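The next block holds one structure in the form of structure tokens; read it before the comments.
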Amino acid sequence: MPPTYTLPHPTLGHILGALCPTTNLIQYRGLPYAHIPGRFRDPIPINSLPTSSTAFDGTKWGHIAVQQPDAEEMDAKILNTPVLSVGKEWKEMDELQCANLIVTIPKEGKKWPVIVWMHGGAYKVGSANFAIRGIFGVREGRGEWELVVEGREVQRQIARFGGDPENITYFGESAEAQHEHYLELCKKLNITASNPQQRAAEFLGTPAIDIAKLAFDVQTVPTSDGTLIPSHSWIRHENFTPNPQWCKSVLIGSCRDEWAVMALGGGIEKYAHPAAVFRQRLIKEAGVSTEDVELLFRLLEVGEDMEWEEQVRQLYVMISGYGFRRPAWAFADYNAQLGRKTYLAGMYMVISPASPSLVSHTYQGFPFDGVNKGRAHHVIDIVFSFQNFLEHFPKEGGYIELAKRMTTAWIKYAYGEDPWTPYNDGGVLKVFDVGAKEREMRQSGIGPEEWERWKVMNRVGLDRVWKEGQRFLESGPVGNKESPPGS
């Protein structure tokens with residue numbers, strides 16, 4: 001058992017934490033912040049920690065949300081990294097006891113800036129326990145309302161831990177808090193009742209692990225509750241205009257090769273003639289004009305006469321551009337126009353000569369073997385930000401230095417300092433890269449071809465292509481057949 005430290009918290013009670021002598025940090029693990037009374041029930045904040053002795057044992061890891069048994073290996077595949085060795089106790093799952101936090105603080109000092117990390121995982125997998133291990137406050141659970149309760153509880157309780165409740169920064173990555181498509185999931189679970197009440201009763205009685213095993217076989221869609229998310233259309237890219245007065249600044253970013261993780265699902269590979277089929281769907285289903293589709297395909301370098309592999313790759317590039325890269329720029333524009341201090345980042349590094357991207361630059365390849373070696377793929381920033389993989393990086397190449405620069409930038413932002421020149425100052429983009437390739441550039445420095453792509457993408461509209469792209473990836477050709485081009 002590691003050395004411990006007992007914190008006398010005035011409202012939560014005495015908490016036993018794990019003390020790390022080499023770093024002088026204390027970690028309090030598995031701290032419940034809410035009680036979940038049942039599946040799909042609203043979380044209820046708790047006012048004290050459960051204990052059968054004089055102190056709550058915060059040296060033990062809390063439960064994680066129920067997910068596929070191989071979720072850790074799936075995380076590693078998505079991150080293109082080695083699987084970190086963790087104990088069984090890190091991975092114990094419970095549907096109703098997963099709303100807990102890990103709090104990591106320096107032993108000395110007070111009023112530290114607070115970082116609350118909300119892990120991603122495609123709405124289906126992921127755990128702070130084995131994926132990132134937590135700094136200050138880390139969410140362990142699911143659901144939009146859990147995030148609200150968690151945020152309130154962190155602000156209410158963090159001062160006694162040594163954090164500043166007036167200086168809390170929320171960091172998150174990739175997917176957050178959406179729900180599976182209910183009827184599709186019921187079908188895959190062999191729940192066939194036509195009566196809604198009976199169908200709901202059968203679903204509520206299904207073991208959580210059986211549902212989790214099907215997570216990657218169903219489509220994920222936003223859910224409107226009429227309050228937190230007023231309507232389904234409210235969170236569309238073109239309608240998403242939140243303006244919370246408590247939010248003083250925003251930092252957002254994307255990766256050059258976001259598409260590479262989408263490709264792991266193999267959605268486009270199901271088509272024999274993918275470019276022709278998607279062109280047809282954009283015109284007939286999404287209502288995009290033939291002229292705009294032709295222009296999009298030309299600017300995004302998608303052609304029906306290309307080799308099949310190139311068609312597949314460029315369609316992933318197009319769809320992910322609508323789902324990740326362009327919305328990040330649009331959200332930065334929106335917040336800057338409100339006068340909110342805004343920072344925009346891009347992961348342009350780790351591009352290999354064998355993996356050309358939308359902008360014709362070549363960078364040193366990423367060192368880990370795997371399907372996405374050499375790409376700045378979706379979530380690659382996680383590999384660098386938490387520094388869990390430093391010992392696996394080669395000593396040469398600038399990867400260790402990049403991880404430290406990136407972490408320093410996030411910490412500066414949490415302290416209220418400028419991590420780099422704000423986007424408000426002429427549309428500045430911070431490019432994270434290895435060695436001398438790291439830089440800041442302005443919108444005016446973007447190549448004319450890519451700038452023309454952005455303008456056309458905006459005119460066509462972010463949502464129509466993204467929505468049809470998701471359908472294209474999920475559905476596949478009906479009956480394993482495709483409509484012939486031009487039909």
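Residue numbering restarts at 1 for every chain of the structure tokens, chains are lettered A, B, ... in their displayed order, and ligands are numbered from 1 as they appear.
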
Applying 12 Å and only C-alpha atoms, which residues near Glu291 in chain A remain after dropping the ones on its own chain fewer than 6 positions away? List them as a CSV table (one decimal) with C-alpha atoms, in the first residue's frame.
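In the end it all went to selection19.csv:
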```csv
chain,number,residue,atom,x,y,z
A,279,ARG,CA,-21.8,11.9,-54.9
A,282,LEU,CA,-25.2,14.2,-51.5
A,283,ILE,CA,-27.3,15.3,-54.5
A,297,PHE,CA,-15.1,16.8,-55.0
A,298,ARG,CA,-12.6,18.7,-57.1
A,456,VAL,CA,-17.2,26.2,-50.4
A,460,VAL,CA,-22.8,24.3,-48.8
```

Just asking: which residues within range 240-381 of chain A are strand (DSSP E) according to DSSP, as a compact mmCIF listing (two decimals) with all heavy atoms, in the first residue's frame?
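result-v7.txt written:
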```
# COMPACT_ATOMS: atom_id res chain seq x y z
N SER A 249 -13.12 32.28 -21.62
CA SER A 249 -12.29 32.04 -22.80
C SER A 249 -12.50 30.61 -23.29
O SER A 249 -13.03 29.76 -22.56
CB SER A 249 -10.81 32.29 -22.51
OG SER A 249 -10.33 31.32 -21.60
N VAL A 250 -12.08 30.35 -24.52
CA VAL A 250 -12.26 29.04 -25.14
C VAL A 250 -10.97 28.66 -25.86
O VAL A 250 -10.35 29.49 -26.52
CB VAL A 250 -13.43 29.07 -26.16
CG1 VAL A 250 -13.45 27.80 -26.99
CG2 VAL A 250 -14.76 29.24 -25.45
N LEU A 251 -10.59 27.39 -25.72
CA LEU A 251 -9.47 26.84 -26.47
C LEU A 251 -9.98 25.60 -27.19
O LEU A 251 -10.58 24.71 -26.57
CB LEU A 251 -8.32 26.48 -25.53
CG LEU A 251 -6.98 26.06 -26.15
CD1 LEU A 251 -5.85 26.35 -25.19
CD2 LEU A 251 -6.96 24.57 -26.53
N ILE A 252 -9.79 25.54 -28.50
CA ILE A 252 -10.31 24.43 -29.28
C ILE A 252 -9.30 24.07 -30.36
O ILE A 252 -8.49 24.90 -30.76
CB ILE A 252 -11.68 24.79 -29.92
CG1 ILE A 252 -12.37 23.55 -30.49
CG2 ILE A 252 -11.53 25.89 -30.97
CD1 ILE A 252 -13.82 23.79 -30.87
N GLY A 253 -9.33 22.83 -30.81
CA GLY A 253 -8.37 22.42 -31.83
C GLY A 253 -8.81 21.17 -32.55
O GLY A 253 -9.83 20.57 -32.23
N SER A 254 -8.03 20.80 -33.54
CA SER A 254 -8.30 19.58 -34.30
C SER A 254 -6.98 19.03 -34.81
O SER A 254 -5.94 19.68 -34.71
CB SER A 254 -9.25 19.86 -35.48
OG SER A 254 -8.64 20.76 -36.39
N CYS A 255 -7.03 17.83 -35.36
CA CYS A 255 -5.83 17.17 -35.87
C CYS A 255 -5.89 17.09 -37.39
O CYS A 255 -6.97 16.96 -37.97
CB CYS A 255 -5.69 15.78 -35.28
SG CYS A 255 -5.59 15.75 -33.48
N LYS A 341 -12.14 35.64 -25.42
CA LYS A 341 -10.77 35.30 -25.76
C LYS A 341 -10.74 33.84 -26.23
O LYS A 341 -11.20 32.94 -25.54
CB LYS A 341 -9.85 35.50 -24.57
CG LYS A 341 -8.41 35.81 -24.96
CD LYS A 341 -7.61 36.31 -23.78
CE LYS A 341 -6.27 36.85 -24.22
NZ LYS A 341 -5.46 37.36 -23.07
N THR A 342 -10.17 33.62 -27.42
CA THR A 342 -10.26 32.33 -28.08
C THR A 342 -8.89 31.89 -28.56
O THR A 342 -8.10 32.70 -29.06
CB THR A 342 -11.23 32.41 -29.28
OG1 THR A 342 -12.51 32.88 -28.81
CG2 THR A 342 -11.40 31.07 -29.94
N TYR A 343 -8.60 30.60 -28.42
CA TYR A 343 -7.34 30.04 -28.88
C TYR A 343 -7.65 28.83 -29.76
O TYR A 343 -8.49 28.00 -29.43
CB TYR A 343 -6.47 29.59 -27.70
CG TYR A 343 -6.19 30.69 -26.70
CD1 TYR A 343 -7.04 30.89 -25.62
CD2 TYR A 343 -5.09 31.53 -26.84
CE1 TYR A 343 -6.82 31.90 -24.69
CE2 TYR A 343 -4.85 32.54 -25.92
CZ TYR A 343 -5.71 32.72 -24.84
OH TYR A 343 -5.48 33.72 -23.93
N LEU A 344 -6.96 28.74 -30.89
CA LEU A 344 -7.18 27.65 -31.84
C LEU A 344 -5.87 26.90 -32.03
O LEU A 344 -4.81 27.50 -32.22
CB LEU A 344 -7.66 28.19 -33.18
CG LEU A 344 -7.94 27.16 -34.28
CD1 LEU A 344 -9.11 26.25 -33.89
CD2 LEU A 344 -8.24 27.86 -35.61
N ALA A 345 -5.94 25.56 -31.96
CA ALA A 345 -4.75 24.72 -32.09
C ALA A 345 -4.97 23.68 -33.17
O ALA A 345 -6.09 23.28 -33.47
CB ALA A 345 -4.41 24.04 -30.77
N GLY A 346 -3.87 23.22 -33.74
CA GLY A 346 -3.91 22.14 -34.72
C GLY A 346 -2.75 21.20 -34.51
O GLY A 346 -1.64 21.64 -34.23
N MET A 347 -3.02 19.91 -34.59
CA MET A 347 -1.95 18.91 -34.54
C MET A 347 -1.58 18.58 -35.97
O MET A 347 -2.26 17.83 -36.66
CB MET A 347 -2.42 17.66 -33.80
CG MET A 347 -2.64 17.84 -32.33
SD MET A 347 -1.11 18.05 -31.41
CE MET A 347 -0.48 16.37 -31.42
```

Long-range neighbours of range 318-328 of chain A as a list in words, 7 Å cut-off, only C-alpha atoms, 6 positions minimum in chain: His237, Ile252, Gly253, Ser254, Glu258, Trp259, Leu300, Leu462, Val465, Trp466 and Gly469 of chain A

Nearest to Pro50 in chain A by atom-to-atom distance, counting only C-alpha atoms, from A:His63, A:Arg199, A:Lys187, A:His35: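 Among A:His63, A:Arg199, A:Lys187, A:His35, it is A:His35 that comes nearest to Pro50 in chain A.
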
Selection near Arg439 in chain A, 10 Å with only C-alpha atoms, sequence-local residues under 6 positions removed, as a PyMOL selection string: chain A and resi 420+429-433

Selection near Asn424 in chain A, 10 Å with only C-alpha atoms, sequence-local residues under 2 positions removed, as a PyMOL selection string: chain A and resi 332-333+335-337+339-344+421-422+426-428

Can you write out the residues you just picked, keeping C-alpha atoms, as a compact mmCIF listing (two decimals), in the first residue's frame?
```
# COMPACT_ATOMS: atom_id res chain seq x y z
CA ALA A 332 -13.38 29.70 -32.88
CA ASP A 333 -14.85 32.30 -35.24
CA ASN A 335 -16.50 32.87 -29.91
CA ALA A 336 -14.05 35.48 -31.21
CA GLN A 337 -16.95 37.46 -32.69
CA GLY A 339 -15.44 39.09 -27.90
CA ARG A 340 -14.49 36.01 -25.89
CA LYS A 341 -10.77 35.30 -25.76
CA THR A 342 -10.26 32.33 -28.08
CA TYR A 343 -7.34 30.04 -28.88
CA LEU A 344 -7.18 27.65 -31.84
CA THR A 421 -1.27 34.31 -29.55
CA PRO A 422 -5.10 34.45 -29.31
CA GLY A 426 -5.93 38.00 -36.89
CA GLY A 427 -7.08 34.37 -36.83
CA VAL A 428 -3.95 32.82 -35.34
```

Which residue of A:Asp425, A:Ile115, A:Trp410, A:Pro82 approaches His392 in chain A most closely, using only C-alpha atoms: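 Closest to His392 in chain A of all the choices is A:Pro82.
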
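Among A:Met118, A:Ile209, A:Phe393, A:Arg39, the residue with the shortest atom-to-atom distance to Tyr170 in chain A, counting only C-alpha atoms, is A:Met118.
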
Pick from A:Ala55, A:Leu296, A:Ala65, A:Leu473, whichever lies nearest to Ala263 in chain A using only C-alpha atoms: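 Result for the nearest residue to Ala263 in chain A: A:Leu473.
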